[in-house]
Structures are given as C-alpha cells and as structure tokens.
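Okay, protein-v9.cif now, which holds mmCIF, C-alpha atoms:
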data_structure
#
loop_
_atom_site.label_atom_id
_atom_site.label_comp_id
_atom_site.auth_asym_id
_atom_site.auth_seq_id
_atom_site.Cartn_x
_atom_site.Cartn_y
_atom_site.Cartn_z
CA MET V 1 117.95 77.41 96.28
CA GLN V 2 120.06 77.30 93.17
CA SER V 3 122.11 80.45 93.61
CA PRO V 4 123.41 82.27 96.70
CA ASN V 5 121.18 85.19 95.70
CA ARG V 6 117.49 84.63 96.15
CA PHE V 7 116.62 86.69 93.11
CA SER V 8 118.33 87.54 89.94
CA LEU V 9 118.51 91.28 89.42
CA ARG V 10 115.95 90.93 86.68
CA GLN V 11 113.51 89.11 88.99
CA LEU V 12 113.99 91.75 91.66
CA ILE V 13 113.28 94.57 89.23
CA ILE V 14 110.18 92.84 87.87
CA LEU V 15 108.92 92.22 91.43
CA GLY V 16 109.32 95.92 92.23
CA LEU V 17 107.56 96.85 89.00
CA LEU V 18 104.68 94.49 89.74
CA ILE V 19 104.18 96.08 93.16
CA ALA V 20 104.25 99.55 91.60
CA ILE V 21 101.76 98.47 88.94
CA SER V 22 99.42 97.04 91.57
CA LEU V 23 99.44 100.35 93.47
CA VAL V 24 98.56 102.26 90.32
CA LEU V 25 95.81 99.74 89.52
CA ASN V 26 94.44 100.22 93.06
CA TYR V 27 94.25 103.91 92.40
CA ILE V 28 92.70 103.58 88.93
CA GLU V 29 90.11 101.23 90.36
CA ARG V 30 88.93 103.93 92.73
CA LEU V 31 88.27 106.19 89.76
CA ILE V 32 85.84 103.67 88.28
CA PRO V 33 82.53 104.36 89.96
CA LEU V 34 80.86 101.14 91.05
CA ASN V 35 78.03 102.53 93.09
CA LEU V 36 76.20 99.31 93.71
CA ALA V 37 73.66 98.93 96.45
CA MET V 38 75.70 96.07 97.85
CA PRO V 39 78.90 97.01 99.65
CA GLY V 40 82.12 95.09 99.12
CA ILE V 41 81.94 94.53 95.36
CA LYS V 42 84.97 95.64 93.45
CA LEU V 43 86.86 94.75 90.33
CA GLY V 44 90.08 93.70 92.05
CA LEU V 45 92.34 94.90 89.25
CA ALA V 46 95.41 94.57 91.46
CA ASN V 47 94.80 90.83 91.53
CA VAL V 48 96.20 90.69 87.98
CA VAL V 49 99.59 91.32 89.56
CA THR V 50 99.24 88.42 91.99
CA ILE V 51 98.23 86.13 89.14
CA LEU V 52 101.23 87.14 87.07
CA ALA V 53 103.57 86.76 90.05
CA LEU V 54 102.18 83.28 90.60
CA THR V 55 103.48 82.15 87.23
CA ILE V 56 107.06 83.34 87.76
CA TYR V 57 107.84 83.45 91.51
CA LYS V 58 108.07 80.98 94.37
CA PRO V 59 105.19 80.89 96.87
CA ARG V 60 106.99 82.85 99.59
CA ASP V 61 107.84 85.61 97.13
CA VAL V 62 104.19 85.76 96.06
CA TYR V 63 103.19 86.16 99.73
CA MET V 64 105.79 88.88 100.13
CA LEU V 65 104.38 90.71 97.11
CA VAL V 66 100.81 90.46 98.44
CA ILE V 67 101.76 91.72 101.91
CA ILE V 68 103.82 94.63 100.55
CA ARG V 69 101.17 95.69 98.07
CA VAL V 70 98.39 95.54 100.67
CA LEU V 71 100.42 97.53 103.23
CA LEU V 72 101.48 100.19 100.74
CA GLY V 73 98.05 100.24 99.13
CA SER V 74 96.20 101.02 102.33
CA LEU V 75 98.88 103.56 103.21
CA PHE V 76 98.05 105.54 100.08
CA VAL V 77 94.31 105.01 99.89
CA GLY V 78 92.03 103.49 102.47
CA SER V 79 91.89 103.14 106.20
CA MET V 80 92.96 100.87 109.02
CA MET V 81 89.80 98.86 108.43
CA SER V 82 90.40 98.41 104.71
CA LEU V 83 93.90 97.12 105.57
CA TRP V 84 92.39 94.19 107.48
CA TYR V 85 89.97 93.28 104.70
CA SER V 86 92.60 93.51 102.04
CA LEU V 87 95.09 91.50 104.07
CA ALA V 88 92.60 88.75 104.92
CA GLY V 89 91.31 88.68 101.34
CA GLY V 90 94.74 88.94 99.75
CA LEU V 91 96.38 86.17 101.80
CA LEU V 92 93.46 83.75 101.49
CA SER V 93 93.26 84.43 97.76
CA ALA V 94 97.03 84.01 97.28
CA THR V 95 96.98 80.71 99.20
CA ALA V 96 94.11 79.36 97.11
CA MET V 97 95.72 80.43 93.84
CA LEU V 98 99.12 78.98 94.82
CA LEU V 99 97.43 75.65 95.54
CA MET V 100 95.52 75.81 92.25
CA ASN V 101 98.78 76.59 90.50
CA GLN V 102 100.20 73.26 91.69
CA LEU V 103 97.64 71.45 89.55
CA PRO V 104 98.82 70.26 86.16
CA LYS V 105 98.80 73.08 83.64
CA GLU V 106 96.44 71.32 81.25
CA SER V 107 93.72 70.81 83.85
CA VAL V 108 93.00 74.42 84.75
CA SER V 109 93.81 77.76 83.13
CA LEU V 110 94.56 81.19 84.61
CA VAL V 111 90.84 81.98 84.35
CA GLY V 112 89.89 79.17 86.74
CA ILE V 113 92.74 80.09 89.09
CA SER V 114 91.64 83.71 89.03
CA VAL V 115 87.99 82.84 89.75
CA VAL V 116 88.98 80.73 92.78
CA GLY V 117 91.27 83.56 93.91
CA ALA V 118 88.52 86.17 93.62
CA ILE V 119 86.02 83.99 95.50
CA CYS V 120 88.53 83.35 98.28
CA HIS V 121 89.32 87.06 98.43
CA ASN V 122 85.65 87.75 99.08
CA ILE V 123 85.43 84.91 101.62
CA GLY V 124 88.34 86.54 103.48
CA GLN V 125 86.38 89.78 103.62
CA ILE V 126 83.25 88.00 104.82
CA ILE V 127 85.30 86.47 107.66
CA ILE V 128 86.36 89.98 108.71
CA VAL V 129 82.70 91.11 108.56
CA MET V 130 81.79 88.17 110.82
CA ILE V 131 84.53 89.10 113.28
CA ILE V 132 83.56 92.80 113.38
CA THR V 133 79.82 92.25 113.74
CA SER V 134 80.34 89.09 115.88
CA SER V 135 77.53 87.62 113.83
CA VAL V 136 77.87 84.66 111.48
CA SER V 137 74.44 85.23 109.91
CA VAL V 138 75.25 88.82 108.91
CA GLY V 139 78.37 87.54 107.15
CA ILE V 140 76.52 84.73 105.39
CA SER V 141 73.92 87.16 104.02
CA TYR V 142 76.72 88.75 101.97
CA PHE V 143 77.94 85.41 100.66
CA PRO V 144 75.75 84.82 97.55
CA VAL V 145 76.30 88.31 96.10
CA LEU V 146 80.02 88.29 96.78
CA LEU V 147 80.32 84.79 95.34
CA VAL V 148 78.70 85.83 92.06
CA SER V 149 80.66 89.08 91.89
CA GLY V 150 83.86 87.13 92.58
CA ILE V 151 83.11 84.82 89.66
CA VAL V 152 82.39 87.68 87.26
CA THR V 153 85.42 89.78 88.23
CA GLY V 154 87.57 86.63 88.45
CA ILE V 155 86.81 85.68 84.83
CA PHE V 156 87.64 89.21 83.69
CA ILE V 157 90.88 89.39 85.69
CA GLY V 158 91.84 85.89 84.54
CA TYR V 159 91.59 86.90 80.89
CA VAL V 160 93.56 90.08 81.54
CA GLY V 161 96.26 87.96 83.20
CA LYS V 162 96.27 85.49 80.32
CA ALA V 163 96.68 88.31 77.79
CA THR V 164 99.48 89.98 79.78
CA LYS V 165 101.50 86.89 80.70
CA PRO V 166 103.35 86.43 77.36
CA TYR V 167 104.63 90.01 77.50
CA LEU V 168 105.93 89.49 81.04
CA LEU V 169 107.59 86.18 80.20
CA ARG V 170 109.47 87.89 77.40
CA PHE V 171 111.41 89.84 80.06
CA MET V 172 112.20 86.92 82.33
CA MET K 1 88.93 78.63 79.23
CA LYS K 2 89.37 74.93 79.97
CA LYS K 3 86.77 72.40 80.98
CA ASN K 4 87.70 72.60 84.67
CA ASP K 5 87.42 76.39 84.58
CA VAL K 6 83.84 76.04 83.42
CA ILE K 7 83.17 73.46 86.16
CA ILE K 8 84.57 75.84 88.80
CA ILE K 9 82.40 78.70 87.52
CA ILE K 10 79.23 76.61 87.37
CA ALA K 11 79.87 75.10 90.81
CA GLY K 12 80.32 78.61 92.22
CA LEU K 13 77.10 79.85 90.66
CA VAL K 14 75.16 76.81 91.87
CA LEU K 15 76.50 77.33 95.40
CA ALA K 16 75.49 81.01 95.26
CA VAL K 17 71.96 80.09 94.17
CA ILE K 18 71.66 77.45 96.92
CA VAL K 19 72.80 79.86 99.66
CA TYR K 20 70.62 82.65 98.28
CA GLY K 21 67.62 80.30 98.10
CA GLY K 22 68.28 79.11 101.64
CA LEU K 23 68.42 82.66 102.93
CA GLN K 24 65.19 83.57 101.10
CA ILE K 25 63.38 80.49 102.44
CA SER K 26 64.48 81.16 106.01
CA GLN K 27 63.32 84.76 105.54
CA GLN K 28 59.89 83.59 104.32
CA LEU K 29 59.56 81.13 107.21
CA ASN K 30 60.46 83.83 109.67
CA THR K 31 57.76 86.33 108.81
CA ALA K 32 56.71 87.63 112.17
CA ASP K 33 53.80 89.84 113.19
CA GLN K 34 56.08 91.75 115.41
CA MET K 35 59.43 92.82 114.14
CA ALA K 36 62.12 94.93 115.66
CA VAL K 37 65.35 96.57 114.58
CA GLU K 38 68.37 95.72 116.67
CA VAL K 39 71.18 98.24 116.86
CA TYR K 40 74.65 96.79 117.38
CA ILE K 41 77.83 98.68 118.11
CA ASP K 42 81.08 96.71 118.07
CA GLY K 43 79.11 93.44 118.05
CA GLU K 44 77.21 94.38 121.24
CA LEU K 45 73.44 94.81 121.22
CA GLU K 46 72.86 98.47 121.99
CA ARG K 47 69.12 98.89 121.58
CA THR K 48 66.02 97.13 120.23
CA ILE K 49 63.49 99.35 118.47
CA PRO K 50 60.07 98.05 117.30
CA ILE K 51 59.74 98.36 113.52
CA GLU K 52 56.74 100.66 114.11
CA GLY K 53 58.98 102.99 116.08
CA TYR K 54 59.13 105.49 113.23
CA GLY K 55 61.70 108.20 113.62
CA VAL K 56 65.27 109.27 113.01
CA TYR K 57 67.94 107.82 115.28
CA THR K 58 71.40 109.27 115.65
CA TYR K 59 74.38 107.42 117.05
CA ASP K 60 77.72 109.02 117.74
CA THR K 61 80.51 106.81 118.97
CA GLU K 62 84.26 107.31 119.09
CA LEU K 63 84.39 105.44 115.77
CA GLY K 64 81.96 107.68 113.91
CA HIS K 65 78.57 109.13 113.27
CA ASN K 66 75.56 107.18 111.94
CA VAL K 67 71.98 108.27 111.40
CA PHE K 68 69.27 105.82 110.44
CA GLU K 69 65.57 106.25 109.85
CA ILE K 70 62.71 103.86 110.51
CA ASN K 71 59.57 104.48 108.47
CA GLU K 72 56.84 102.42 106.77
CA GLU K 73 59.43 101.03 104.31
CA GLY K 74 61.65 99.72 107.08
CA ALA K 75 65.01 100.83 108.41
CA ARG K 76 67.48 102.68 106.27
CA MET K 77 70.84 104.33 106.96
CA ILE K 78 70.54 107.97 105.93
CA GLU K 79 73.81 109.45 107.10
CA ALA K 80 77.31 108.33 108.04
CA ASP K 81 80.63 110.10 108.13
CA CYS K 82 82.72 107.29 106.65
CA PRO K 83 84.46 107.75 103.28
CA THR K 84 82.75 104.93 101.36
CA LEU K 85 79.10 105.49 102.40
CA SER K 86 78.17 102.05 101.11
CA CYS K 87 75.66 101.63 103.96
CA THR K 88 73.62 104.68 102.92
CA ARG K 89 73.19 103.24 99.42
CA GLN K 90 71.59 100.08 100.74
CA ALA K 91 67.83 99.70 100.40
CA ALA K 92 65.55 99.79 103.43
CA ILE K 93 65.47 96.54 105.42
CA ASN K 94 62.11 95.14 106.49
CA HIS K 95 62.43 91.33 106.54
CA VAL K 96 63.65 89.19 109.43
CA GLY K 97 67.37 88.59 109.05
CA GLU K 98 68.07 91.54 106.76
CA ASN K 99 70.85 93.79 107.88
CA ILE K 100 72.79 96.95 107.16
CA VAL K 101 76.42 97.03 108.17
CA CYS K 102 78.63 100.07 108.54
CA LEU K 103 81.98 98.33 108.91
CA PRO K 104 84.29 101.29 109.52
CA HIS K 105 82.15 102.28 112.52
CA ARG K 106 81.50 98.69 113.62
CA PHE K 107 77.84 99.61 113.56
CA HIS K 108 75.08 97.38 112.26
CA LEU K 109 71.32 96.99 112.17
CA VAL K 110 69.45 93.69 112.00
CA VAL K 111 65.73 93.05 111.65
CA VAL K 112 64.53 90.37 114.09
CA GLY K 113 61.19 88.59 114.46
CA ASP K 114 58.87 88.43 117.45
CA GLU K 115 60.49 85.38 119.02
CA GLU K 116 63.69 87.28 119.62
CA VAL K 117 61.78 90.41 120.62
CA GLU K 118 59.99 88.45 123.33
CA VAL K 119 63.25 87.13 124.68
CA ASP K 120 64.48 90.66 124.84
CA ALA K 121 61.30 91.83 126.59
CA ILE K 122 61.70 89.12 129.20
CA SER K 123 65.32 89.99 129.81
CA GLN K 124 64.24 93.56 130.48
#
Could you show the structure in this file as structure tokens?
Amino acid sequence: MQSPNRFSLRQLIILGLLIAISLVLNYIERLIPLNLAMPGIKLGLANVVTILALTIYKPRDVYMLVIIRVLLGSLFVGSMMSLWYSLAGGLLSATAMLLMNQLPKESVSLVGISVVGAICHNIGQIIIVMIITSSVSVGISYFPVLLVSGIVTGIFIGYVGKATKPYLLRFM
Amino acid sequence: MKKNDVIIIIAGLVLAVIVYGGLQISQQLNTADQMAVEVYIDGELERTIPIEGYGVYTYDTELGHNVFEINEEGARMIEADCPTLSCTRQAAINHVGENIVCLPHRFHLVVVGDEEVEVDAISQ
C-alpha cells in the first residue's frame, strides 16, 4: 500500500458512484421486458460497473463493490433466492474477470473479459440451480442456452464498457 | 475486438453446440414407451405420475403455490405465485430428461423414461 489511506477521496467517490449506477442499471434492466421461454436470461447491465471497476481498482476493492451491489440490489428488487444467484454469479464472474485482467493488455480486450465474465456469471447461477434441485442433469440442461446468452450479452456489455472507460479515466 | 476475444467467443459457441448436441442425442436414445413425470420439492422426489395421467395437479408448500397440467402435449406449469413466473412461460415437456424448474419454490418437474419408472414401481 502506497499511502496510509486505502483510497484517495476521488477513488472513494467514484466507487460510491459506480455502486449507485449499478443499482440504477439493475432497476432499468427490470423495465426491459425479456419474456423468453427460457428462465435465467438477462442482459446483466450492472456488469458494466464491475468491468469498469476492474480497470481502476485492486481486486479486493472489486470484490467489495460486487458484494455491496448484490446485497443492496436484492434489498431493493428481488428476493432471498435472487440474492444467492446474484452472489454466486457475481463472485464467480468477478474472479474470472480479475484473472483475465492479469493477462497482457494486448492479448485480450474488454470484450473478451466481459464474455468470460458473463459466462461465469451464468455458470454460478447453474451451480445454485444444481444445489436447489439436487440434480446435476437439471442444471446441465440449462447450460447451452445460458452459455450462448452469456456470449451475446457479454459482447454487448464489453463494448459498452469499452466506450465508457475513457470518460471514467478522465476523472481518475 | 482482438484475436483472442474472437477465439473465446468461438470456443464458447462450440462448447454450447457440443453440450446441446449431447443432450439432444441422450434424449433421442432415451425415448421410452412409458414415461412419467416426477415431482420434486426441495430436491426430494414427491410423486411420480405417468405421462398419461392427464389432469391438473396443485401443490401448496410453505414456499409457494404451483399448479401444473399434464395433457397430450406433456406437462406444463400453468400457475405459480412467484414474482417472475418464468416457469409458466416454458413450453410443455414431453421428452425424457426435460424439466421445468420453479426455483423460488424449490419445485421442479422432470420427465423420466420407463427404466426409472420400473425402479420406482419396484420400490413401491
């Protein structure tokens, strides 16, 4: 640690803003009707925030952000059950993206990181499905659809993150 | 997008196709003359109903209310009192291995083939 304070005031403010933005994105996402026959598919707009945090904060601060946004998010909208999905998905996704972020910058872009994050988010949810139904085969039957939806939403979210990042860096 | 991004995306799609294909093949291999719908609550087998057992079945547990129907198309969830209702939007299930899950109520239905039905008959 370089300074006695973990964060600069600026970093602290941006972290708070990112959490607030993710909560608003959570809410906006619920307004977009995605009435697909397959449960579990969503855009994952709030993941933009995790991706942005990844580029400016240390791993433990990224985990803190994910945990706070999941807890607050399911406090405002959602249930006890959605808390477990979001937590499993969010932590697995953050871990995967932090690892991907260690790779040299020229080998993989935010889009690739975002896709891996979205896929891992969905894998986290499948694990919770397996635990609740105590059936591995029920969980696996969701895997192909959630894998493809993770790729599609991951590409979208990755590009959103890429477009937003320069504006965020301007404040750091 | 960089080259590795494209590789990640293609690898993911290929994996999805392989798993989907595998599931389809195992479904085709498992076509049974006798099929049954298994009702699970909280991961425990609650009841096994033959797929010809047409009717409307209601389950009320402390976690919630679920109604499913079995007709010539298969089994379909028709009512639940959860906020998302994703289970009621799912199509009818009529192949071995297909399932409908109502996660908030820890309630799920699985179609099984005659092998498993026999085991269940013996255990009764």
request  = Just need the residues of chain K within 8 Å of chain V, counting only C-alpha atoms, so spit them out as a count of residues only.
outcome  = 32
key: Surrounding residues of Ala75 (chain K) excluding itself and chain neighbours under 4 positions, 7 Å, only C-alpha atoms, as a list of chain:residue names   = K:Phe68, K:Glu69, K:Ile70, K:Asn71, K:Ala92, K:Ile93, K:Asn94
Suppose we keep C-alpha atoms; can you now write the selection as a PDB file, in the frame of the given file?
ATOM      1  CA  PHE K  68      69.270 105.820 110.440  1.00  0.00           C
ATOM      2  CA  GLU K  69      65.570 106.250 109.850  1.00  0.00           C
ATOM      3  CA  ILE K  70      62.710 103.860 110.510  1.00  0.00           C
ATOM      4  CA  ASN K  71      59.570 104.480 108.470  1.00  0.00           C
ATOM      5  CA  ALA K  92      65.550  99.790 103.430  1.00  0.00           C
ATOM      6  CA  ILE K  93      65.470  96.540 105.420  1.00  0.00           C
ATOM      7  CA  ASN K  94      62.110  95.140 106.490  1.00  0.00           C
TER       8      ASN K  94
END
inquiry  = To one decimal place in Å, what is the distance between CA of His105 (chain K) and CA of Asn30 (chain K)?
reply    = 28.6 Å
request  = Specify as a ChimeraX atom specification each residue included when the PyMOL selection byres ((chain V and resi 26) around 9) is applied to this file.
outcome  = /V:21-25,27-30,44-46,73,77
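Across the structure, CA of Ala53 (chain V) and CA of Ile32 (chain V) are spaced 24.6 Å apart.
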ask   = Could you write out as a list in words the residues that the PyMOL selection byres ((chain V and resi 11) around 12) matches in the shown file?
value = Asn5, Arg6, Phe7, Ser8, Leu9, Arg10, Leu12, Ile13, Ile14, Leu15, Gly16, Leu17, Leu18, Ala53, Ile56, Tyr57, Lys58, Asp61, Leu168, Leu169, Phe171 and Met172 of chain V
Residues as selected, C-alpha atoms, written as a PDB file, in the coordinates of the input, can you do that?
ATOM      1  CA  ASN V   5     121.180  85.190  95.700  1.00  0.00           C
ATOM      2  CA  ARG V   6     117.490  84.630  96.150  1.00  0.00           C
ATOM      3  CA  PHE V   7     116.620  86.690  93.110  1.00  0.00           C
ATOM      4  CA  SER V   8     118.330  87.540  89.940  1.00  0.00           C
ATOM      5  CA  LEU V   9     118.510  91.280  89.420  1.00  0.00           C
ATOM      6  CA  ARG V  10     115.950  90.930  86.680  1.00  0.00           C
ATOM      7  CA  LEU V  12     113.990  91.750  91.660  1.00  0.00           C
ATOM      8  CA  ILE V  13     113.280  94.570  89.230  1.00  0.00           C
ATOM      9  CA  ILE V  14     110.180  92.840  87.870  1.00  0.00           C
ATOM     10  CA  LEU V  15     108.920  92.220  91.430  1.00  0.00           C
ATOM     11  CA  GLY V  16     109.320  95.920  92.230  1.00  0.00           C
ATOM     12  CA  LEU V  17     107.560  96.850  89.000  1.00  0.00           C
ATOM     13  CA  LEU V  18     104.680  94.490  89.740  1.00  0.00           C
ATOM     14  CA  ALA V  53     103.570  86.760  90.050  1.00  0.00           C
ATOM     15  CA  ILE V  56     107.060  83.340  87.760  1.00  0.00           C
ATOM     16  CA  TYR V  57     107.840  83.450  91.510  1.00  0.00           C
ATOM     17  CA  LYS V  58     108.070  80.980  94.370  1.00  0.00           C
ATOM     18  CA  ASP V  61     107.840  85.610  97.130  1.00  0.00           C
ATOM     19  CA  LEU V 168     105.930  89.490  81.040  1.00  0.00           C
ATOM     20  CA  LEU V 169     107.590  86.180  80.200  1.00  0.00           C
ATOM     21  CA  PHE V 171     111.410  89.840  80.060  1.00  0.00           C
ATOM     22  CA  MET V 172     112.200  86.920  82.330  1.00  0.00           C
TER      23      MET V 172
END
message = Using all atoms listed in the file, which protein or nucleic acid residues come within 10 Å of Tyr59 (chain K)? Drop anything in the same chain fewer than 5 positions from it, and give the result as a list of chain:residue names.
response = K:Val39, K:Ile41, K:Gly64, K:His65, K:Asn66, K:Val67, K:Phe68, K:Ala80, K:Phe107
inquiry  = One number please: CA of Leu87 (chain V) to CA of Asp81 (chain K), in Å, one decimal.
reply    =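 These atoms are spaced 23.9 Å apart.
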inquiry  = I'd like the neighbourhood of Val96 (chain K) as JSON, numbers by chain, where a residue qualifies if any of its atoms comes within 6 Å (using only C-alpha atoms), though same-chain residues fewer than 4 positions away should be ignored.
reply    = {"K": [27, 111, 112, 113]}
Around the point (98.6, 93.8, 102.3) in the file's coordinates, collect all residues with an atom within 9 Å, using all atoms listed in the file, and return them as a tab-separated table (two decimals) with C-alpha atoms, in the coordinates of the input.
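Produced file out_5.tsv, reproduced below:
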chain	number	residue	atom	x	y	z
V	64	MET	CA	105.79	88.88	100.13
V	65	LEU	CA	104.38	90.71	97.11
V	66	VAL	CA	100.81	90.46	98.44
V	67	ILE	CA	101.76	91.72	101.91
V	68	ILE	CA	103.82	94.63	100.55
V	69	ARG	CA	101.17	95.69	98.07
V	70	VAL	CA	98.39	95.54	100.67
V	71	LEU	CA	100.42	97.53	103.23
V	72	LEU	CA	101.48	100.19	100.74
V	73	GLY	CA	98.05	100.24	99.13
V	74	SER	CA	96.20	101.02	102.33
V	83	LEU	CA	93.90	97.12	105.57
V	84	TRP	CA	92.39	94.19	107.48
V	85	TYR	CA	89.97	93.28	104.70
V	86	SER	CA	92.60	93.51	102.04
V	87	LEU	CA	95.09	91.50	104.07
V	88	ALA	CA	92.60	88.75	104.92
V	89	GLY	CA	91.31	88.68	101.34
V	90	GLY	CA	94.74	88.94	99.75
V	91	LEU	CA	96.38	86.17	101.80
key: Surrounding residues of Glu52 (chain K) excluding itself and chain neighbours under 5 positions, 10 Å, all atoms listed in the file, as number ranges by chain   = K: 34-37, 70-72, 74
Could you dump the residues just selected with C-alpha atoms as a PDB file, in the frame of the given file?
ATOM      1  CA  GLN K  34      56.080  91.750 115.410  1.00  0.00           C
ATOM      2  CA  MET K  35      59.430  92.820 114.140  1.00  0.00           C
ATOM      3  CA  ALA K  36      62.120  94.930 115.660  1.00  0.00           C
ATOM      4  CA  VAL K  37      65.350  96.570 114.580  1.00  0.00           C
ATOM      5  CA  ILE K  70      62.710 103.860 110.510  1.00  0.00           C
ATOM      6  CA  ASN K  71      59.570 104.480 108.470  1.00  0.00           C
ATOM      7  CA  GLU K  72      56.840 102.420 106.770  1.00  0.00           C
ATOM      8  CA  GLY K  74      61.650  99.720 107.080  1.00  0.00           C
TER       9      GLY K  74
END
What are the centre and edge lengths in Å, to one decimal, of the axis-aligned box around all listed atoms of region 143-161 of chain V with 3 Å added on each side, as JSON?
{"center_x": 86.0, "center_y": 87.4, "center_z": 90.8, "size_x": 26.5, "size_y": 11.3, "size_z": 25.8}
Check which residues satisfy the PyMOL selection byres ((chain V and resi 94) around 8) in the file shown, then give them as a CSV table (one decimal) with C-alpha atoms, in the coordinates of the input.
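Output below, filename result-v1.csv:
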chain,number,residue,atom,x,y,z
V,50,THR,CA,99.2,88.4,92.0
V,62,VAL,CA,104.2,85.8,96.1
V,63,TYR,CA,103.2,86.2,99.7
V,66,VAL,CA,100.8,90.5,98.4
V,90,GLY,CA,94.7,88.9,99.8
V,91,LEU,CA,96.4,86.2,101.8
V,92,LEU,CA,93.5,83.8,101.5
V,93,SER,CA,93.3,84.4,97.8
V,95,THR,CA,97.0,80.7,99.2
V,96,ALA,CA,94.1,79.4,97.1
V,97,MET,CA,95.7,80.4,93.8
V,98,LEU,CA,99.1,79.0,94.8
V,117,GLY,CA,91.3,83.6,93.9
